[in-house]
file model14.pdb (PDB, C-alpha atoms)
ATOM      1  CA  MET A   6     -12.986  22.849 -20.528  1.00  0.00           C
ATOM      2  CA  ILE A   7     -13.255  19.082 -20.983  1.00  0.00           C
ATOM      3  CA  ALA A   8     -11.571  16.889 -18.386  1.00  0.00           C
ATOM      4  CA  TYR A   9     -12.014  13.455 -16.820  1.00  0.00           C
ATOM      5  CA  LYS A  10     -13.175  12.130 -13.486  1.00  0.00           C
ATOM      6  CA  PHE A  11     -12.950   8.725 -11.837  1.00  0.00           C
ATOM      7  CA  LEU A  12     -15.873   7.756  -9.623  1.00  0.00           C
ATOM      8  CA  GLN A  13     -16.967   4.773  -7.596  1.00  0.00           C
ATOM      9  CA  PRO A  14     -19.502   2.489  -9.301  1.00  0.00           C
ATOM     10  CA  ASP A  15     -22.314   4.197  -7.358  1.00  0.00           C
ATOM     11  CA  GLY A  16     -21.329   7.612  -8.723  1.00  0.00           C
ATOM     12  CA  THR A  17     -19.632   8.915  -5.573  1.00  0.00           C
ATOM     13  CA  SER A  18     -16.258  10.614  -5.454  1.00  0.00           C
ATOM     14  CA  PRO A  19     -13.617   8.372  -3.855  1.00  0.00           C
ATOM     15  CA  PHE A  20     -12.364  11.003  -1.406  1.00  0.00           C
ATOM     16  CA  SER A  21     -15.167  13.457  -0.737  1.00  0.00           C
ATOM     17  CA  GLY A  22     -17.982  10.901  -0.941  1.00  0.00           C
ATOM     18  CA  PHE A  23     -20.018  13.399  -2.976  1.00  0.00           C
ATOM     19  CA  ARG A  24     -22.681  11.687  -5.070  1.00  0.00           C
ATOM     20  CA  TRP A  25     -22.802  12.981  -8.642  1.00  0.00           C
ATOM     21  CA  THR A  26     -25.847  12.946 -10.850  1.00  0.00           C
ATOM     22  CA  LEU A  27     -24.828  10.718 -13.710  1.00  0.00           C
ATOM     23  CA  PRO A  28     -25.456  11.344 -17.413  1.00  0.00           C
ATOM     24  CA  GLU A  29     -28.506   9.490 -18.672  1.00  0.00           C
ATOM     25  CA  GLU A  30     -29.661   8.725 -22.195  1.00  0.00           C
ATOM     26  CA  GLY A  31     -27.214  11.200 -23.669  1.00  0.00           C
ATOM     27  CA  ALA A  32     -28.143  14.030 -21.303  1.00  0.00           C
ATOM     28  CA  PRO A  33     -25.409  15.436 -19.022  1.00  0.00           C
ATOM     29  CA  GLY A  34     -25.683  15.291 -15.252  1.00  0.00           C
ATOM     30  CA  GLN A  35     -26.578  18.372 -13.211  1.00  0.00           C
ATOM     31  CA  TRP A  36     -24.134  21.202 -12.747  1.00  0.00           C
ATOM     32  CA  VAL A  37     -22.291  21.129  -9.432  1.00  0.00           C
ATOM     33  CA  GLU A  38     -20.873  24.344  -8.009  1.00  0.00           C
ATOM     34  CA  ALA A  39     -18.281  24.813  -5.266  1.00  0.00           C
ATOM     35  CA  ALA A  40     -15.701  27.418  -4.320  1.00  0.00           C
ATOM     36  CA  VAL A  41     -12.258  26.630  -5.717  1.00  0.00           C
ATOM     37  CA  ASP A  42      -9.850  25.597  -2.973  1.00  0.00           C
ATOM     38  CA  PRO A  43      -7.657  22.767  -4.284  1.00  0.00           C
ATOM     39  CA  CYS A  44      -7.966  19.513  -2.324  1.00  0.00           C
ATOM     40  CA  ARG A  45     -10.595  21.043  -0.017  1.00  0.00           C
ATOM     41  CA  SER A  46     -13.375  22.446  -2.157  1.00  0.00           C
ATOM     42  CA  GLY A  47     -14.220  22.665  -5.824  1.00  0.00           C
ATOM     43  CA  VAL A  48     -14.876  20.275  -8.681  1.00  0.00           C
ATOM     44  CA  HIS A  49     -11.770  18.108  -9.006  1.00  0.00           C
ATOM     45  CA  ALA A  50     -10.924  16.483 -12.310  1.00  0.00           C
ATOM     46  CA  CYS A  51      -8.046  15.007 -14.341  1.00  0.00           C
ATOM     47  CA  ARG A  52      -6.226  15.990 -17.450  1.00  0.00           C
ATOM     48  CA  VAL A  53      -5.194  13.002 -19.565  1.00  0.00           C
ATOM     49  CA  SER A  54      -1.717  13.233 -18.045  1.00  0.00           C
ATOM     50  CA  ASP A  55      -3.239  12.891 -14.560  1.00  0.00           C
ATOM     51  CA  LEU A  56      -5.218   9.714 -15.267  1.00  0.00           C
ATOM     52  CA  PRO A  57      -2.622   7.172 -14.050  1.00  0.00           C
ATOM     53  CA  PHE A  58      -2.444   8.862 -10.644  1.00  0.00           C
ATOM     54  CA  TRP A  59      -6.167   8.593  -9.984  1.00  0.00           C
ATOM     55  CA  ALA A  60      -7.170   5.424 -11.851  1.00  0.00           C
ATOM     56  CA  GLY A  61     -10.388   4.098 -10.353  1.00  0.00           C
ATOM     57  CA  ARG A  62     -13.470   2.064 -11.140  1.00  0.00           C
ATOM     58  CA  THR A  63     -15.501   4.192 -13.533  1.00  0.00           C
ATOM     59  CA  LEU A  64     -14.422   7.085 -15.722  1.00  0.00           C
ATOM     60  CA  TYR A  65     -16.474  10.045 -16.919  1.00  0.00           C
ATOM     61  CA  GLU A  66     -15.924  12.975 -19.210  1.00  0.00           C
ATOM     62  CA  ILE A  67     -16.617  16.145 -17.255  1.00  0.00           C
ATOM     63  CA  GLU A  68     -17.154  19.711 -18.373  1.00  0.00           C
ATOM     64  CA  LEU A  69     -15.531  22.308 -16.137  1.00  0.00           C
ATOM     65  CA  ASP A  70     -16.694  25.883 -16.202  1.00  0.00           C
ATOM     66  CA  GLY A  71     -16.117  29.124 -14.315  1.00  0.00           C
ATOM     67  CA  GLU A  72     -12.806  29.492 -12.527  1.00  0.00           C
ATOM     68  CA  VAL A  73     -10.475  26.580 -13.249  1.00  0.00           C
ATOM     69  CA  VAL A  74      -7.191  26.177 -11.381  1.00  0.00           C
ATOM     70  CA  GLU A  75      -4.487  23.887 -12.758  1.00  0.00           C
ATOM     71  CA  HIS A  76      -2.852  21.957  -9.961  1.00  0.00           C
ATOM     72  CA  ARG A  77       0.132  19.659 -10.209  1.00  0.00           C
ATOM     73  CA  ARG A  78      -1.867  16.478 -10.737  1.00  0.00           C
ATOM     74  CA  LYS A  79      -5.418  17.769 -11.116  1.00  0.00           C
ATOM     75  CA  LEU A  80      -7.742  20.527 -12.233  1.00  0.00           C
ATOM     76  CA  VAL A  81     -10.126  22.243  -9.848  1.00  0.00           C
ATOM     77  CA  GLY A  82     -13.099  24.124 -11.196  1.00  0.00           C
ATOM     78  CA  SER A  83     -15.882  26.166  -9.650  1.00  0.00           C
ATOM     79  CA  ARG A  84     -18.525  24.368 -11.775  1.00  0.00           C
ATOM     80  CA  GLY A  85     -18.708  20.975 -13.371  1.00  0.00           C
ATOM     81  CA  ARG A  86     -21.085  18.438 -14.809  1.00  0.00           C
ATOM     82  CA  LEU A  87     -20.600  14.900 -16.054  1.00  0.00           C
ATOM     83  CA  LEU A  88     -21.091  14.655 -19.804  1.00  0.00           C
ATOM     84  CA  ARG A  89     -20.763  10.948 -20.482  1.00  0.00           C
ATOM     85  CA  ARG A  90     -19.363   7.769 -19.071  1.00  0.00           C
ATOM     86  CA  ILE A  91     -16.266   6.590 -20.915  1.00  0.00           C
ATOM     87  CA  GLU A  92     -17.473   3.073 -21.571  1.00  0.00           C
ATOM     88  CA  ALA A  93     -14.106   1.919 -22.870  1.00  0.00           C
ATOM     89  CA  TRP A  94     -12.790   2.018 -19.276  1.00  0.00           C
ATOM     90  CA  ASP A  95     -14.390  -1.312 -18.387  1.00  0.00           C
ATOM     91  CA  ASP A  96     -13.186  -4.374 -16.490  1.00  0.00           C
ATOM     92  CA  ASP A  97     -11.360  -5.714 -19.548  1.00  0.00           C
ATOM     93  CA  LEU A  98      -9.441  -2.500 -20.183  1.00  0.00           C
ATOM     94  CA  ARG A  99      -8.661  -2.047 -16.492  1.00  0.00           C
ATOM     95  CA  ASP A 100      -7.246  -5.588 -16.479  1.00  0.00           C
ATOM     96  CA  ALA A 101      -5.320  -4.955 -19.695  1.00  0.00           C
ATOM     97  CA  TYR A 102      -3.791  -1.757 -18.314  1.00  0.00           C
ATOM     98  CA  THR A 103      -2.920  -3.489 -15.049  1.00  0.00           C
ATOM     99  CA  ARG A 104      -1.270  -6.302 -17.013  1.00  0.00           C
ATOM    100  CA  ALA A 105       0.636  -3.826 -19.205  1.00  0.00           C
ATOM    101  CA  CYS A 106       1.957  -2.084 -16.085  1.00  0.00           C
ATOM    102  CA  ALA A 107       2.903  -5.422 -14.524  1.00  0.00           C
ATOM    103  CA  ASP A 108       4.759  -6.507 -17.660  1.00  0.00           C
ATOM    104  CA  ARG A 109       6.548  -3.153 -17.799  1.00  0.00           C
ATOM    105  CA  ALA A 110       7.484  -3.480 -14.136  1.00  0.00           C
ATOM    106  CA  HIS A 111       9.047  -6.912 -14.805  1.00  0.00           C
ATOM    107  CA  GLU A 112      10.855  -5.520 -17.836  1.00  0.00           C
ATOM    108  CA  LEU A 113      12.261  -2.617 -15.824  1.00  0.00           C
ATOM    109  CA  ALA A 114      13.290  -4.816 -12.910  1.00  0.00           C
ATOM    110  CA  PHE A 115      15.327  -7.018 -15.249  1.00  0.00           C
ATOM    111  CA  SER A 116      16.745  -4.151 -17.302  1.00  0.00           C
ATOM    112  CA  VAL A 117      19.627  -3.671 -14.890  1.00  0.00           C
ATOM    113  CA  SER A 118      22.393  -5.913 -13.666  1.00  0.00           C
ATOM    114  CA  PRO A 119      21.971  -7.306 -11.145  1.00  0.00           C
ATOM    115  CA  PRO A 120      18.190  -7.395 -11.614  1.00  0.00           C
ATOM    116  CA  LEU A 121      15.988  -5.785  -8.968  1.00  0.00           C
ATOM    117  CA  GLU A 122      14.602  -9.134  -7.895  1.00  0.00           C
ATOM    118  CA  HIS A 123      13.169  -7.800  -4.620  1.00  0.00           C
ATOM    119  CA  TRP A 124      11.135  -5.308  -6.654  1.00  0.00           C
ATOM    120  CA  ASP A 125      10.182  -7.883  -9.258  1.00  0.00           C
ATOM    121  CA  ALA A 126       8.862 -10.111  -6.482  1.00  0.00           C
ATOM    122  CA  VAL A 127       6.172  -7.592  -5.507  1.00  0.00           C
ATOM    123  CA  VAL A 128       4.736  -7.233  -9.011  1.00  0.00           C
ATOM    124  CA  GLU A 129       2.522 -10.311  -9.389  1.00  0.00           C
ATOM    125  CA  PRO A 130       1.140 -10.189  -5.832  1.00  0.00           C
ATOM    126  CA  ALA A 131       0.218  -6.549  -6.509  1.00  0.00           C
ATOM    127  CA  VAL A 132      -1.826  -7.311  -9.633  1.00  0.00           C
ATOM    128  CA  GLY A 133      -4.929  -7.919  -7.527  1.00  0.00           C
ATOM    129  CA  GLY A 134      -4.558  -4.373  -6.183  1.00  0.00           C
ATOM    130  CA  GLY A 135      -5.604  -2.985  -9.547  1.00  0.00           C
ATOM    131  CA  PRO A 136      -4.432  -0.441 -12.087  1.00  0.00           C
ATOM    132  CA  ALA A 137      -3.470   2.421  -9.774  1.00  0.00           C
ATOM    133  CA  LEU A 138      -1.216   0.169  -7.719  1.00  0.00           C
ATOM    134  CA  LEU A 139       0.513  -1.446 -10.689  1.00  0.00           C
ATOM    135  CA  GLY A 140       1.054   1.933 -12.328  1.00  0.00           C
ATOM    136  CA  PHE A 141       2.730   3.106  -9.147  1.00  0.00           C
ATOM    137  CA  VAL A 142       4.860  -0.042  -8.862  1.00  0.00           C
ATOM    138  CA  ALA A 143       6.150   0.282 -12.423  1.00  0.00           C
ATOM    139  CA  ALA A 144       6.951   3.967 -11.944  1.00  0.00           C
ATOM    140  CA  ARG A 145       8.688   3.294  -8.628  1.00  0.00           C
ATOM    141  CA  ILE A 146      10.906   0.635 -10.217  1.00  0.00           C
ATOM    142  CA  ALA A 147      11.836   3.120 -12.938  1.00  0.00           C
ATOM    143  CA  GLU A 148      12.639   5.661 -10.214  1.00  0.00           C
ATOM    144  CA  GLU A 149      14.692   3.126  -8.303  1.00  0.00           C
ATOM    145  CA  ILE A 150      16.830   2.613 -11.403  1.00  0.00           C
ATOM    146  CA  SER A 151      17.103   6.139 -12.809  1.00  0.00           C
ATOM    147  CA  GLY A 152      15.679   8.645 -10.333  1.00  0.00           C
ATOM    148  CA  PRO A 153      12.592  10.888 -10.081  1.00  0.00           C
ATOM    149  CA  ALA A 154      12.629  11.931 -13.735  1.00  0.00           C
ATOM    150  CA  ALA A 155      12.218   8.282 -14.700  1.00  0.00           C
ATOM    151  CA  TYR A 156       9.207   8.024 -12.369  1.00  0.00           C
ATOM    152  CA  ARG A 157       7.574  10.953 -14.145  1.00  0.00           C
ATOM    153  CA  ASP A 158       8.516   9.571 -17.565  1.00  0.00           C
ATOM    154  CA  GLU A 159       6.921   6.251 -16.703  1.00  0.00           C
ATOM    155  CA  ARG A 160       3.755   8.039 -15.613  1.00  0.00           C
ATOM    156  CA  TYR A 161       3.761   9.912 -18.926  1.00  0.00           C
ATOM    157  CA  LYS A 162       3.974   6.596 -20.798  1.00  0.00           C
ATOM    158  CA  GLN A 163       1.079   5.221 -18.743  1.00  0.00           C
ATOM    159  CA  ALA A 164      -1.022   8.282 -19.593  1.00  0.00           C
ATOM    160  CA  SER A 165      -0.209   7.800 -23.274  1.00  0.00           C
ATOM    161  CA  TRP A 166      -1.274   4.143 -23.033  1.00  0.00           C
ATOM    162  CA  LEU A 167      -4.565   5.159 -21.468  1.00  0.00           C
ATOM    163  CA  ALA A 168      -5.192   7.983 -23.926  1.00  0.00           C
ATOM    164  CA  GLY A 169      -4.571   5.640 -26.862  1.00  0.00           C
ATOM    165  CA  HIS A 170      -6.820   2.864 -25.585  1.00  0.00           C
ATOM    166  CA  LEU A 171      -9.573   5.211 -24.404  1.00  0.00           C
ATOM    167  CA  GLY A 172      -9.504   7.356 -27.528  1.00  0.00           C
ATOM    168  CA  LEU A 173      -8.798  10.546 -25.584  1.00  0.00           C
ATOM    169  CA  ASP A 174      -6.904  13.579 -26.793  1.00  0.00           C
ATOM    170  CA  GLY A 175      -4.132  14.926 -24.682  1.00  0.00           C
TER     171      GLY A 175
ATOM    172  CA  MET B  10      14.139  25.240  -4.921  1.00  0.00           C
ATOM    173  CA  ALA B  11      13.979  21.459  -4.690  1.00  0.00           C
ATOM    174  CA  GLU B  12      11.317  19.792  -6.782  1.00  0.00           C
ATOM    175  CA  PRO B  13       8.448  18.425  -4.677  1.00  0.00           C
ATOM    176  CA  ALA B  14       8.206  14.689  -4.095  1.00  0.00           C
ATOM    177  CA  ASP B  15       6.202  12.579  -6.519  1.00  0.00           C
ATOM    178  CA  HIS B  16       4.790  10.232  -3.902  1.00  0.00           C
ATOM    179  CA  ILE B  17       4.685   9.498  -0.196  1.00  0.00           C
ATOM    180  CA  THR B  18       5.172   6.284   1.765  1.00  0.00           C
ATOM    181  CA  CYS B  19       2.833   4.354   4.060  1.00  0.00           C
ATOM    182  CA  GLU B  20       4.865   5.639   7.037  1.00  0.00           C
ATOM    183  CA  GLU B  21       4.250   9.207   5.906  1.00  0.00           C
ATOM    184  CA  VAL B  22       0.526   8.502   5.584  1.00  0.00           C
ATOM    185  CA  VAL B  23       0.490   7.343   9.205  1.00  0.00           C
ATOM    186  CA  ALA B  24       2.383  10.468  10.287  1.00  0.00           C
ATOM    187  CA  LEU B  25       0.086  12.814   8.345  1.00  0.00           C
ATOM    188  CA  VAL B  26      -3.297  11.219   8.956  1.00  0.00           C
ATOM    189  CA  SER B  27      -4.378  13.523  11.795  1.00  0.00           C
ATOM    190  CA  ASP B  28      -3.563  16.645   9.806  1.00  0.00           C
ATOM    191  CA  TYR B  29      -5.308  15.164   6.766  1.00  0.00           C
ATOM    192  CA  LEU B  30      -8.498  14.471   8.707  1.00  0.00           C
ATOM    193  CA  ASP B  31      -8.311  17.930  10.322  1.00  0.00           C
ATOM    194  CA  GLY B  32      -7.973  19.576   6.898  1.00  0.00           C
ATOM    195  CA  ALA B  33      -4.644  21.009   8.005  1.00  0.00           C
ATOM    196  CA  LEU B  34      -2.419  19.667   5.222  1.00  0.00           C
ATOM    197  CA  PRO B  35      -1.358  22.006   2.409  1.00  0.00           C
ATOM    198  CA  PRO B  36      -2.936  21.144  -0.966  1.00  0.00           C
ATOM    199  CA  GLU B  37       0.283  19.664  -2.370  1.00  0.00           C
ATOM    200  CA  GLN B  38       0.438  17.166   0.486  1.00  0.00           C
ATOM    201  CA  VAL B  39      -3.259  16.358   0.281  1.00  0.00           C
ATOM    202  CA  GLU B  40      -2.709  15.509  -3.367  1.00  0.00           C
ATOM    203  CA  LEU B  41       0.140  13.116  -2.579  1.00  0.00           C
ATOM    204  CA  PHE B  42      -1.776  11.687   0.390  1.00  0.00           C
ATOM    205  CA  GLU B  43      -4.855  10.942  -1.723  1.00  0.00           C
ATOM    206  CA  GLN B  44      -2.787   9.574  -4.585  1.00  0.00           C
ATOM    207  CA  HIS B  45      -1.342   7.103  -2.086  1.00  0.00           C
ATOM    208  CA  LEU B  46      -4.793   6.181  -0.764  1.00  0.00           C
ATOM    209  CA  ASN B  47      -5.915   5.593  -4.336  1.00  0.00           C
ATOM    210  CA  PHE B  48      -3.596   2.609  -4.726  1.00  0.00           C
ATOM    211  CA  CYS B  49      -2.840   1.457  -1.157  1.00  0.00           C
ATOM    212  CA  GLU B  50      -5.706  -0.570   0.243  1.00  0.00           C
ATOM    213  CA  GLY B  51      -4.056  -0.883   3.657  1.00  0.00           C
ATOM    214  CA  CYS B  52      -3.628   2.861   4.109  1.00  0.00           C
ATOM    215  CA  GLY B  53      -7.144   3.466   2.814  1.00  0.00           C
ATOM    216  CA  ALA B  54      -8.508   1.136   5.498  1.00  0.00           C
ATOM    217  CA  TYR B  55      -6.304   2.776   8.137  1.00  0.00           C
ATOM    218  CA  VAL B  56      -7.524   6.266   7.273  1.00  0.00           C
ATOM    219  CA  GLU B  57     -11.150   5.093   7.363  1.00  0.00           C
ATOM    220  CA  GLN B  58     -10.579   3.515  10.788  1.00  0.00           C
ATOM    221  CA  MET B  59      -9.051   6.762  12.029  1.00  0.00           C
ATOM    222  CA  ARG B  60     -11.927   8.771  10.563  1.00  0.00           C
ATOM    223  CA  THR B  61     -14.448   6.514  12.319  1.00  0.00           C
ATOM    224  CA  THR B  62     -12.528   6.702  15.590  1.00  0.00           C
ATOM    225  CA  VAL B  63     -12.296  10.497  15.469  1.00  0.00           C
ATOM    226  CA  ALA B  64     -16.013  10.727  14.700  1.00  0.00           C
ATOM    227  CA  ALA B  65     -16.889   8.476  17.637  1.00  0.00           C
ATOM    228  CA  VAL B  66     -14.397   9.716  20.223  1.00  0.00           C
ATOM    229  CA  GLY B  67     -14.828  13.330  19.203  1.00  0.00           C
ATOM    230  CA  ARG B  68     -18.360  13.215  20.615  1.00  0.00           C
ATOM    231  CA  ILE B  69     -17.195  12.262  24.121  1.00  0.00           C
ATOM    232  CA  ARG B  70     -16.750  15.227  26.475  1.00  0.00           C
ATOM    233  CA  GLU B  71     -14.388  15.146  29.452  1.00  0.00           C
ATOM    234  CA  GLU B  72     -17.320  15.310  31.863  1.00  0.00           C
ATOM    235  CA  ASP B  73     -18.881  12.249  30.182  1.00  0.00           C
ATOM    236  CA  LEU B  74     -16.066  10.023  31.474  1.00  0.00           C
ATOM    237  CA  PRO B  75     -16.186   8.321  34.869  1.00  0.00           C
ATOM    238  CA  ALA B  76     -13.415   9.685  37.122  1.00  0.00           C
ATOM    239  CA  ASP B  77     -11.502   6.381  37.275  1.00  0.00           C
ATOM    240  CA  THR B  78     -11.536   6.084  33.465  1.00  0.00           C
ATOM    241  CA  LEU B  79     -10.236   9.634  33.146  1.00  0.00           C
ATOM    242  CA  ASP B  80      -7.456   8.886  35.652  1.00  0.00           C
ATOM    243  CA  ARG B  81      -6.442   5.718  33.826  1.00  0.00           C
ATOM    244  CA  LEU B  82      -6.371   7.525  30.482  1.00  0.00           C
ATOM    245  CA  LEU B  83      -4.268  10.376  31.868  1.00  0.00           C
ATOM    246  CA  ALA B  84      -1.852   7.876  33.430  1.00  0.00           C
ATOM    247  CA  ALA B  85      -1.586   5.981  30.142  1.00  0.00           C
ATOM    248  CA  PHE B  86      -0.788   9.196  28.235  1.00  0.00           C
ATOM    249  CA  ARG B  87       1.825  10.188  30.836  1.00  0.00           C
ATOM    250  CA  ASP B  88       3.502   6.763  30.515  1.00  0.00           C
ATOM    251  CA  TRP B  89       3.367   6.955  26.747  1.00  0.00           C
ATOM    252  CA  ARG B  90       5.052  10.380  26.762  1.00  0.00           C
ATOM    253  CA  ARG B  91       7.818   9.134  29.072  1.00  0.00           C
ATOM    254  CA  GLN B  92       8.508   6.287  26.641  1.00  0.00           C
TER     255      GLN B  92
END
call {"tool": "encode", "arguments": {"input": "model14.pdb", "output": "C-alpha cells"}}
result
Amino acid sequence: MIAYKFLQPDGTSPFSGFRWTLPEEGAPGQWVEAAVDPCRSGVHACRVSDLPFWAGRTLYEIELDGEVVEHRRKLVGSRGRLLRRIEAWDDDLRDAYTRACADRAHELAFSVSPPLEHWDAVVEPAVGGGPALLGFVAARIAEEISGPAAYRDERYKQASWLAGHLGLDG
Amino acid sequence: MAEPADHITCEEVVALVSDYLDGALPPEQVELFEQHLNFCEGCGAYVEQMRTTVAAVGRIREEDLPADTLDRLLAAFRDWRRQ
C-alpha cells in the first residue's frame, strides 16, 4: 500500500525520533519493521485525507507492507520503506498552503454577521506557525460557525488542496 | 455513541502530559495529543521540558536525597495538596 509520511529535515520522525534511511538516487530506503500497536509501535503513515493533520517539513511516499491497520487519522503498518521524497512539498508550497489556509480563515471569519473578529485577529500572527497551525485555525473557525461537521469538511478541503498541488491520488 | 472529538486544547495537553509520557493514553487520545503538538509550538516545548524533567528526576532515588531536602519536598507536597 502506498501512503505518505512527514519527517523532519534530518529524516527523523517528529514524535518517535526514529531516523529513517532516506531514498537515494531513485533507490528506496531500507525496510523498517515493527509490531503494529497504533500510536505506540508500528510504521505510521498518512492517507491523503490525513495530510492536513500532520503537515510537517518534508514529505515522503512510503510503501507499507504486512499488516496494515487503518486508524482514524493514520495508517499503521508492520513494515514500511520510504520510496521517494515528494519534492513538490517545498518551502514555496508550504508557504502557499499556509497562505491559502490564512485567506480561508479570514473568509470564514467574515462570512457571518457579526464577523468573528476575535478569531480573525489570530490568523495573521499564526502564519509564522506554519501550515499545520493555519490549517487548524481555519478548521476551528469553520467549527465555531457551523459545528464539528464543518471542521471535518474544512479538513477535507485542505486535503484536496494538498492532493491537487502535490499531484497525489486520493 | 457520541462521536469522538476532532481536537484537544492546550489545557487538555497539560492535563494529559504525564499519561502521554508514561504511554498510558489510549491510541485515540495519543492521536489527538500528537496532532496538537504538530501545530502548537508552545505545547511541543512544554512536553519536551516535561520529558527532560522526567528523564532527569526519574534517576534520583529517595535515598539519594539529603534528609532535609526530603523533608522540605514532603512538606511542599502536603501544602500543595491542602491547597
call {"tool": "closest_residue", "arguments": {"input": "model14.pdb", "among": "A:Val74, A:Leu167, A:Ile91, A:Ala60", "to": "chain B", "atoms": "all atoms listed in the file"}}
result
A:Ala60
call {"tool": "interface_residues", "arguments": {"input": "model14.pdb", "of": "chain B", "to": "chain A", "cutoff": "7 Å", "atoms": "only C-alpha atoms", "output": "PyMOL selection string"}}
result
chain B and resi 36+39-40+44+47-49
call {"tool": "resolve_selection", "arguments": {"input": "model14.pdb", "expression": "the PyMOL selection byres ((chain A and resi 105) around 12)", "output": "PDB file with C-alpha atoms, in the frame of the given file"}}
result
ATOM      1  CA  LEU A  98      -9.441  -2.500 -20.183  1.00  0.00           C
ATOM      2  CA  ARG A  99      -8.661  -2.047 -16.492  1.00  0.00           C
ATOM      3  CA  ASP A 100      -7.246  -5.588 -16.479  1.00  0.00           C
ATOM      4  CA  ALA A 101      -5.320  -4.955 -19.695  1.00  0.00           C
ATOM      5  CA  TYR A 102      -3.791  -1.757 -18.314  1.00  0.00           C
ATOM      6  CA  THR A 103      -2.920  -3.489 -15.049  1.00  0.00           C
ATOM      7  CA  ARG A 104      -1.270  -6.302 -17.013  1.00  0.00           C
ATOM      8  CA  CYS A 106       1.957  -2.084 -16.085  1.00  0.00           C
ATOM      9  CA  ALA A 107       2.903  -5.422 -14.524  1.00  0.00           C
ATOM     10  CA  ASP A 108       4.759  -6.507 -17.660  1.00  0.00           C
ATOM     11  CA  ARG A 109       6.548  -3.153 -17.799  1.00  0.00           C
ATOM     12  CA  ALA A 110       7.484  -3.480 -14.136  1.00  0.00           C
ATOM     13  CA  HIS A 111       9.047  -6.912 -14.805  1.00  0.00           C
ATOM     14  CA  GLU A 112      10.855  -5.520 -17.836  1.00  0.00           C
ATOM     15  CA  VAL A 128       4.736  -7.233  -9.011  1.00  0.00           C
ATOM     16  CA  GLU A 129       2.522 -10.311  -9.389  1.00  0.00           C
ATOM     17  CA  VAL A 132      -1.826  -7.311  -9.633  1.00  0.00           C
ATOM     18  CA  GLY A 135      -5.604  -2.985  -9.547  1.00  0.00           C
ATOM     19  CA  PRO A 136      -4.432  -0.441 -12.087  1.00  0.00           C
ATOM     20  CA  LEU A 139       0.513  -1.446 -10.689  1.00  0.00           C
ATOM     21  CA  GLY A 140       1.054   1.933 -12.328  1.00  0.00           C
ATOM     22  CA  VAL A 142       4.860  -0.042  -8.862  1.00  0.00           C
ATOM     23  CA  ALA A 143       6.150   0.282 -12.423  1.00  0.00           C
ATOM     24  CA  LYS A 162       3.974   6.596 -20.798  1.00  0.00           C
ATOM     25  CA  GLN A 163       1.079   5.221 -18.743  1.00  0.00           C
ATOM     26  CA  TRP A 166      -1.274   4.143 -23.033  1.00  0.00           C
ATOM     27  CA  LEU A 167      -4.565   5.159 -21.468  1.00  0.00           C
ATOM     28  CA  HIS A 170      -6.820   2.864 -25.585  1.00  0.00           C
TER      29      HIS A 170
END
call {"tool": "atom_distance", "arguments": {"input": "model14.pdb", "atom1": "CA of Ala8 (chain A)", "atom2": "CA of Val48 (chain A)"}}
result
10.8 Å
call {"tool": "atom_distance", "arguments": {"input": "model14.pdb", "atom1": "CA of Ser116 (chain A)", "atom2": "CA of Glu148 (chain A)"}}
result
12.8 Å
call {"tool": "resolve_selection", "arguments": {"input": "model14.pdb", "expression": "the PyMOL selection byres ((chain A and resi 26) around 12)", "output": "list in words"}}
result
Leu12, Asp15, Gly16, Thr17, Ser18, Phe23, Arg24, Trp25, Leu27, Pro28, Glu29, Ala32, Pro33, Gly34, Gln35, Trp36, Val37, Tyr65, Ile67, Gly85, Arg86, Leu87, Leu88, Arg89 and Arg90 of chain A
call {"tool": "resolve_selection", "arguments": {"input": "model14.pdb", "expression": "the PyMOL selection byres ((chain A and resi 39) around 8)", "output": "list in words"}}
result
Val37, Glu38, Ala40, Val41, Ser46, Gly47, Val48, Gly82, Ser83 and Arg84 of chain A
call {"tool": "closest_residue", "arguments": {"input": "model14.pdb", "among": "A:Leu173, A:Val73, A:Ile7, A:Ala114", "to": "Ile146 (chain A)", "atoms": "all atoms listed in the file"}}
result
A:Ala114
call {"tool": "residues_near_point", "arguments": {"input": "model14.pdb", "point": "(-3.5, 14.5, 2.6)", "cutoff": "12 Å", "atoms": "only C-alpha atoms", "output": "PyMOL selection string"}}
result
(chain A and resi 20+43-45) or (chain B and resi 16-18+21-47+52-53+56)
call {"tool": "write_last_selection", "arguments": {"input": "model14.pdb", "atoms": "C-alpha atoms", "output": "CSV table (one decimal), keeping the file's coordinate frame"}}
result
chain,number,residue,atom,x,y,z
A,20,PHE,CA,-12.4,11.0,-1.4
A,43,PRO,CA,-7.7,22.8,-4.3
A,44,CYS,CA,-8.0,19.5,-2.3
A,45,ARG,CA,-10.6,21.0,0.0
B,16,HIS,CA,4.8,10.2,-3.9
B,17,ILE,CA,4.7,9.5,-0.2
B,18,THR,CA,5.2,6.3,1.8
B,21,GLU,CA,4.2,9.2,5.9
B,22,VAL,CA,0.5,8.5,5.6
B,23,VAL,CA,0.5,7.3,9.2
B,24,ALA,CA,2.4,10.5,10.3
B,25,LEU,CA,0.1,12.8,8.3
B,26,VAL,CA,-3.3,11.2,9.0
B,27,SER,CA,-4.4,13.5,11.8
B,28,ASP,CA,-3.6,16.6,9.8
B,29,TYR,CA,-5.3,15.2,6.8
B,30,LEU,CA,-8.5,14.5,8.7
B,31,ASP,CA,-8.3,17.9,10.3
B,32,GLY,CA,-8.0,19.6,6.9
B,33,ALA,CA,-4.6,21.0,8.0
B,34,LEU,CA,-2.4,19.7,5.2
B,35,PRO,CA,-1.4,22.0,2.4
B,36,PRO,CA,-2.9,21.1,-1.0
B,37,GLU,CA,0.3,19.7,-2.4
B,38,GLN,CA,0.4,17.2,0.5
B,39,VAL,CA,-3.3,16.4,0.3
B,40,GLU,CA,-2.7,15.5,-3.4
B,41,LEU,CA,0.1,13.1,-2.6
B,42,PHE,CA,-1.8,11.7,0.4
B,43,GLU,CA,-4.9,10.9,-1.7
B,44,GLN,CA,-2.8,9.6,-4.6
B,45,HIS,CA,-1.3,7.1,-2.1
B,46,LEU,CA,-4.8,6.2,-0.8
B,47,ASN,CA,-5.9,5.6,-4.3
B,52,CYS,CA,-3.6,2.9,4.1
B,53,GLY,CA,-7.1,3.5,2.8
B,56,VAL,CA,-7.5,6.3,7.3
call {"tool": "atom_distance", "arguments": {"input": "model14.pdb", "atom1": "CA of Ala144 (chain A)", "atom2": "CA of Gly51 (chain B)"}}
result
19.7 Å
call {"tool": "closest_residue", "arguments": {"input": "model14.pdb", "among": "A:Val81, A:Glu149, A:Tyr9, A:Glu72", "to": "Cys51 (chain A)", "atoms": "only C-alpha atoms"}}
result
A:Tyr9
